[in-house]
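Right, one structure below, let's go through it.
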Amino acid sequence: MSHRMFPKEEYILKGHAACPGCGATLLLRHVLKALGPNTYLVIPACCTSVIAGPHPRSAFKVPVLHIAFAASAAAASGMIEALDKLGKPANVVVWAGDGGTVDIGIQALSGAAERGHNIIYICYDNEAYMNTGIQKSGSTPYKAWTTTTPTGNVSFKKDVPSIMVSHRVPYVATINPAYPNDIYEKLRKAQGIKDGLKYIHAFSPCPPGWRYDSSLTVKIARLAVETGMWVLYEVDHGKFRLTGPSKNLLDKDKRKPVKEYLKLQGRFAHLRDEDIEEIQRLVDAQWESIAKLLKEQE
Amino acid sequence: MSGSAVKLLARPTVGAVSAGSWRTERPVVDMSKCKLCGVCWLYCPDGVIEIDDEKKMLKIDYDYCKGCGICAQECPFKAISMVREG
Amino acid sequence: MKTVAGKERLLLTGNYAAAYAARDADVDVVSAYPITPQTTVIEKIADFIASGELNAKFVRVESEHSAMAALIGASSVGARTFTATSAQGLLYMYEVVWWASGARLPIVMGLVTRALGPPWSIWSEHVDFYTMRDSGWNLFFASNAQEVYDLLLISYGVSENQEVVLPSCVGWDAFEVSHTYEPVSVLGREEASRFLPPKGSFKPSLSSEEPGSLGNLAYPPEYLDIRHAMRQASDKVLGVFREAAVRYAKLTGRDYSGMYECYRCEDADTIIVGMGSIMGEAYRAVDNLRDEGMKVGALKLWVYRPFPYEELYKAVQNVDTIVTVSRSSVFGSMSPIGLDFASLIASRGLDAKIADYAAGVGGMDVYAEDFVGMVKDAHKNTGRNVWWVR
């Protein structure tokens, strides 16, 4: 019984301002349940800046610092050092969108990672600048429609988890709102690691931005993993490990065709068969690389 | 903090916005099919579902339910249906 | 591990004096990015931390924008903070400079004032300092190393006052002050703590015990509410500064409570007004002009924002000519100090005339002869709004 397996306390209060079916808020709900109330959120400009509620009503039952777009990792760096100096241990968690992480926020993130602050940086990736109305970001996937790529994005999704691995941070992981068990395990593990920055990249379906009926958020999240388009993994002190259902998807036959994931979303409605085939090839190639990496690690 | 700065902080408040007024459909639960498995509770982005194991009841807070339909979609027993409002 | 020294008289540059102020204020978190000519401030602080004289965290950030952001994070949970920068660094940081005051955080910053590129310059102008005029930061200007030390300590007393809770910045000239050695009396940590608000007495904005959220989206009425409260706090700053300066004077004998230094201006009919180290030459010009029989004085501002209208009114109410001199390449209007004094004259209905000069652009030296020239030019051509170009 799910409601008895997971912590009961809600740290996101009813009546917040997220769109119906918001993947990001579902993610944050479970992240906060995993981390508990001694958690300071640092939130740069993003959807959550508005979801958090209009002054003077906060939808979050934890302390929150709203900060300028590019600055979340830096603000969190200063905050954790201050809390440490003042003898007040706590979780300091950046909760940032993809724009604020892979584009305008990447410099500060790189600095924080290199300096090794004991913070958890979570990027909830809805794959575009959603708060400003669905414009392309460095995390928008290949061929996706956005308002600034109306004929489909021509570039590829920036791989920030890999960038974080190359910074030699102690923990990098991906999470997905369809798999709360995986979220809890990873957040609890991240919380327990103190020797540097923990980076978590979260798959965050967005009904208005991806053009699908709000009821399908969890289904789409699940299909992303089942088709192999989103890989659940962690890199713990340099060791790569697939987690959850992704563990069983090295065999291509076990992966559902990417078409099943793409066809549910209006932002991919313009894809022709050759586009879908191309995306399928790219996903398959990615899994070949994963297989190779796992072999090299043995 | 001084009196003037006290206005600076927003405080945790249920109902930061009147989200319940947004929806066009509402979830309705058929308790004869519901097994109180908690999957709907798990996947509700708004936390408006409460499960009372003793009373064997599922309660949805319609003041704040946005009618997104995730609960109806995910229920393994098809116990929830979305019904048009008004 | 060195023990913290007590009261001492040391030969220090302006930059080292700033580092000693951070040390004696017992700051918790420093975050900074190197830029000429600020670098020796943070190098000295790094030495203090390494030797144990200062027990602080130093976040060696990857940009100035991050330096201020880190201090916002640190200050929001109750840490006492410090940073320093110059010119391009301040402008890179600019967005979060305004965030710091809007967030009502008692951050203290040193600004080693420097001209802006292009073309590249490392020499002094106050143009960077002036960009902060409307931001809600308390702005003070030092003209020598001792004033750097004193005004930084007073800044903590003002910023952390519960009626204020606004960040403060002290500016000082590149090289002329930042890198010039002068005798400086430093208080040491224990003596300074008799002046400063006690560490930990400032209640942090954010705590997990009483969760609150800082910076939520605010519709116009709520935004007005928050910003008006900030304005009301800003209106209290001069009173708080005066009280703090009086207490500081009791401890040190150095009195900043007048907000400016008046040199032979009591009976003057012409006053030169300015800030920073060039005022030393202005004082010499005053002496030269007095020898010629002219009743000239000089007024060196320490407190720039909030602009001390009442205090300055007393100084200029019987003056015929005000020669305003800003060390700043500005375009499109009178220089900042010119505008400020024009607003003083207009709002009080005074008869005084203003002649406004931008001098020392790009770090050009401003000599006594220049000030003499400006005064004589002002008497011939009131209503001037020019750059003093040699």
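Going by the structure tokens order, chains are called A, B, ..., each with residues numbered from 1, while ligands are numbered from 1 in the order shown.
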
List as number ranges by chain the protein and nucleic acid residues near B:Arg84, meaning an atom at most 10 Å away when only C-alpha atoms are counted, but skip any in the same chain fewer than 4 places from it. B: 23-27, 67

Can you check which residues of chain B have any atom within 10 Å of chain A? Use only C-alpha atoms and format it as a PyMOL selection string. chain B and resi 7-20+22-23+35-53+61+63-74

Would you put the residues from that selection into a file with C-alpha atoms, as a short mmCIF file (atom, residue, chain, number, x, y, z; two decimals), in the first residue's frame?
```cif
data_model
loop_
_atom_site.label_atom_id
_atom_site.label_comp_id
_atom_site.auth_asym_id
_atom_site.auth_seq_id
_atom_site.Cartn_x
_atom_site.Cartn_y
_atom_site.Cartn_z
CA LYS B 7 6.62 41.41 5.81
CA LEU B 8 9.39 40.12 3.58
CA LEU B 9 8.80 36.40 4.05
CA ALA B 10 5.98 34.34 2.62
CA ARG B 11 4.74 31.70 5.07
CA PRO B 12 3.56 28.12 4.41
CA THR B 13 -0.12 28.37 3.54
CA VAL B 14 -2.63 25.80 2.31
CA GLY B 15 -4.45 27.27 -0.66
CA ALA B 16 -1.81 29.66 -1.96
CA VAL B 17 -4.11 29.82 -4.96
CA SER B 18 -7.73 28.64 -5.33
CA ALA B 19 -6.68 25.70 -7.47
CA GLY B 20 -9.99 23.84 -7.20
CA TRP B 22 -9.45 25.59 -12.30
CA ARG B 23 -10.76 22.17 -13.21
CA LYS B 35 -8.55 -1.52 -3.13
CA LEU B 36 -6.93 1.37 -1.20
CA CYS B 37 -3.65 0.49 -2.92
CA GLY B 38 -2.47 4.07 -2.73
CA VAL B 39 -1.20 4.45 -6.30
CA CYS B 40 -3.42 7.50 -6.82
CA TRP B 41 -2.05 9.03 -3.62
CA LEU B 42 1.46 8.32 -4.83
CA TYR B 43 1.10 10.07 -8.16
CA CYS B 44 -1.06 13.07 -7.28
CA PRO B 45 1.07 16.21 -7.92
CA ASP B 46 -1.22 18.22 -5.67
CA GLY B 47 -1.41 15.95 -2.63
CA VAL B 48 -5.20 16.20 -2.50
CA ILE B 49 -5.85 12.50 -2.00
CA GLU B 50 -6.14 11.12 1.52
CA ILE B 51 -6.56 7.46 2.33
CA ASP B 52 -8.25 6.44 5.57
CA ASP B 53 -7.39 2.76 6.12
CA ASP B 61 -9.99 17.49 -1.44
CA ASP B 63 -11.10 22.58 -2.89
CA TYR B 64 -7.67 22.02 -4.44
CA CYS B 65 -8.02 19.15 -6.95
CA LYS B 66 -7.16 20.49 -10.42
CA GLY B 67 -8.78 17.57 -12.27
CA CYS B 68 -5.54 16.59 -14.05
CA GLY B 69 -6.73 12.98 -14.32
CA ILE B 70 -3.47 11.27 -13.37
CA CYS B 71 -5.24 9.32 -10.61
CA ALA B 72 -7.88 8.02 -13.04
CA GLN B 73 -5.20 7.11 -15.59
CA GLU B 74 -2.95 5.31 -13.12
#
```

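When DSSP is run on the backbone, the residues of chain B that fall into strand (DSSP E) are B:Leu9, B:Ala10, B:Arg11, B:Pro12, B:Glu25, B:Arg26, B:Pro27, B:Val28, B:Val29, B:Ile49, B:Glu50, B:Ile51, B:Asp52, B:Met57, B:Leu58, B:Lys59, B:Ile60, B:Ile80, B:Ser81, B:Met82, B:Val83, B:Arg84.
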
Select, as an NGL selection string, those residues of chain C with any atom no more than 12 Å from chain B (distances computed using only C-alpha atoms). :C and (76 or 78 or 101-106 or 160-166 or 201-208 or 210-218 or 222-234 or 236)

May I have the selected residues written with C-alpha atoms, as a PDB file, in the first residue's frame?
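Saved file selection_32.pdb follows:
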```pdb
ATOM      1  CA  SER C  76      19.992  34.700   4.431  1.00  0.00           C
ATOM      2  CA  GLY C  78      22.428  34.489   9.404  1.00  0.00           C
ATOM      3  CA  SER C 101      19.239  44.969  -1.056  1.00  0.00           C
ATOM      4  CA  GLY C 102      15.761  43.861  -2.117  1.00  0.00           C
ATOM      5  CA  ALA C 103      16.247  40.719  -0.041  1.00  0.00           C
ATOM      6  CA  ARG C 104      17.124  42.917   2.980  1.00  0.00           C
ATOM      7  CA  LEU C 105      20.452  41.346   3.780  1.00  0.00           C
ATOM      8  CA  PRO C 106      23.189  43.072   5.842  1.00  0.00           C
ATOM      9  CA  GLU C 160      22.843  44.836  10.975  1.00  0.00           C
ATOM     10  CA  ASN C 161      20.734  47.371  12.851  1.00  0.00           C
ATOM     11  CA  GLN C 162      17.243  45.872  13.155  1.00  0.00           C
ATOM     12  CA  GLU C 163      15.660  49.072  11.868  1.00  0.00           C
ATOM     13  CA  VAL C 164      17.789  48.992   8.728  1.00  0.00           C
ATOM     14  CA  VAL C 165      18.836  45.546   7.473  1.00  0.00           C
ATOM     15  CA  LEU C 166      20.207  46.869   4.187  1.00  0.00           C
ATOM     16  CA  SER C 201      22.230  38.700  17.513  1.00  0.00           C
ATOM     17  CA  PHE C 202      20.924  39.116  14.005  1.00  0.00           C
ATOM     18  CA  LYS C 203      17.973  36.787  13.417  1.00  0.00           C
ATOM     19  CA  PRO C 204      18.399  35.010  10.077  1.00  0.00           C
ATOM     20  CA  SER C 205      15.752  35.426   7.415  1.00  0.00           C
ATOM     21  CA  LEU C 206      15.602  31.695   6.781  1.00  0.00           C
ATOM     22  CA  SER C 207      15.519  28.830   9.237  1.00  0.00           C
ATOM     23  CA  SER C 208      14.053  25.347   9.127  1.00  0.00           C
ATOM     24  CA  GLU C 210      10.228  28.596  11.232  1.00  0.00           C
ATOM     25  CA  PRO C 211      10.016  27.959   7.499  1.00  0.00           C
ATOM     26  CA  GLY C 212       9.542  31.049   5.402  1.00  0.00           C
ATOM     27  CA  SER C 213      10.120  31.884   1.771  1.00  0.00           C
ATOM     28  CA  LEU C 214      12.210  34.842   0.632  1.00  0.00           C
ATOM     29  CA  GLY C 215      11.490  36.409  -2.739  1.00  0.00           C
ATOM     30  CA  ASN C 216       8.174  34.900  -3.867  1.00  0.00           C
ATOM     31  CA  LEU C 217       6.332  36.368  -6.813  1.00  0.00           C
ATOM     32  CA  ALA C 218       4.468  39.466  -5.591  1.00  0.00           C
ATOM     33  CA  GLU C 222       2.362  43.143  -2.163  1.00  0.00           C
ATOM     34  CA  TYR C 223       5.427  44.331  -4.095  1.00  0.00           C
ATOM     35  CA  LEU C 224       4.674  47.885  -3.060  1.00  0.00           C
ATOM     36  CA  ASP C 225       4.271  46.729   0.523  1.00  0.00           C
ATOM     37  CA  ILE C 226       7.666  45.049   0.571  1.00  0.00           C
ATOM     38  CA  ARG C 227       9.494  47.821  -1.246  1.00  0.00           C
ATOM     39  CA  HIS C 228       7.855  50.521   0.814  1.00  0.00           C
ATOM     40  CA  ALA C 229       9.069  48.818   3.957  1.00  0.00           C
ATOM     41  CA  MET C 230      12.520  48.896   2.385  1.00  0.00           C
ATOM     42  CA  ARG C 231      12.151  52.603   1.689  1.00  0.00           C
ATOM     43  CA  GLN C 232      11.131  53.231   5.272  1.00  0.00           C
ATOM     44  CA  ALA C 233      14.199  51.359   6.454  1.00  0.00           C
ATOM     45  CA  SER C 234      16.383  53.369   4.106  1.00  0.00           C
ATOM     46  CA  LYS C 236      16.237  55.464   8.988  1.00  0.00           C
TER      47      LYS C 236
END
```

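Each of C:Thr113, C:Thr324, C:Asn55, C:Ser347 was checked against A:Leu86 using only C-alpha atoms; the smallest atom-to-atom distance is that of C:Asn55.
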
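Between chain C and the candidates A:Val93, A:Ile43, A:Ala82, A:Leu32, the tightest atom-to-atom separation, counting only C-alpha atoms, involves A:Ala82.
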
Set the distance at 10 Å and use only C-alpha atoms: which residues neighbour C:Tyr313 once local chain neighbours fewer than 2 positions away are removed? I'd like the list as a PyMOL selection string. chain C and resi 308-311+315-319+341+344-345+348+350

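Here atom CA of C:Val170 is placed at a distance of 16.2 Å from atom CA of C:Glu261.
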
Give me the residues within 7 Å of stretch 57-72 of chain C as a ChimeraX atom specification, counting only C-alpha atoms and dropping any in the same chain fewer than 6 places off. /A:71,74-79,81,108,111 /C:28-33,81,89,92-93,96-97,100

For each of A:Glu296, A:Glu288, A:Glu185, A:Asp84, take the minimum atom-to-atom distance to chain C, counting only C-alpha atoms, then give the residue where this is smallest. A:Asp84

Give the helix (DSSP H, G or I) residues of stretch 102-261 of chain C, as DSSP finds them on the backbone, and put them as a ChimeraX atom specification. /C:102,127-130,145-159,188-195,220-252

Neighbour list for A:Glu278 as a PyMOL selection string, cut-off 12 Å, only C-alpha atoms, skip fewer than 5 positions in-chain: chain A and resi 142-143+258-259+271-273+283-285

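A straight line drawn from atom CA of A:His167 to atom CA of A:Val154 is 27.5 Å long.
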
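Atom CA of C:Tyr181 lies 5.9 Å from atom CA of C:Leu11.
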
At a cut-off of 6 Å, using only C-alpha atoms, what residues contact stretch 232-242 of chain A? Leave out same-chain residues fewer than 3 positions from it and give the result as a CSV table (one decimal) with C-alpha atoms, in the first residue's frame.
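Below is the file that was written, result.csv:
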```csv
chain,number,residue,atom,x,y,z
A,170,PRO,CA,30.9,12.0,-5.6
A,171,TYR,CA,27.3,11.3,-6.9
A,172,VAL,CA,25.4,11.8,-10.1
A,173,ALA,CA,22.0,10.3,-10.7
A,174,THR,CA,18.9,10.5,-12.9
A,246,SER,CA,16.7,0.5,-16.9
A,247,LYS,CA,18.8,-2.4,-15.5
```

Which residues are close to stretch 118-130 of chain A, i.e. within 8 Å by only C-alpha atoms, leaving aside same-chain residues fewer than 6 positions away? Reply as a ChimeraX atom specification. /A:24,46-47,73,76-77,80,91-99,101,136-141,146,190-191,194-206,209

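When only C-alpha atoms are used to measure the gap to C:Val177, the shortest distance among C:Ser124, C:Thr270, C:Ser75, C:Ser155 belongs to C:Ser124.
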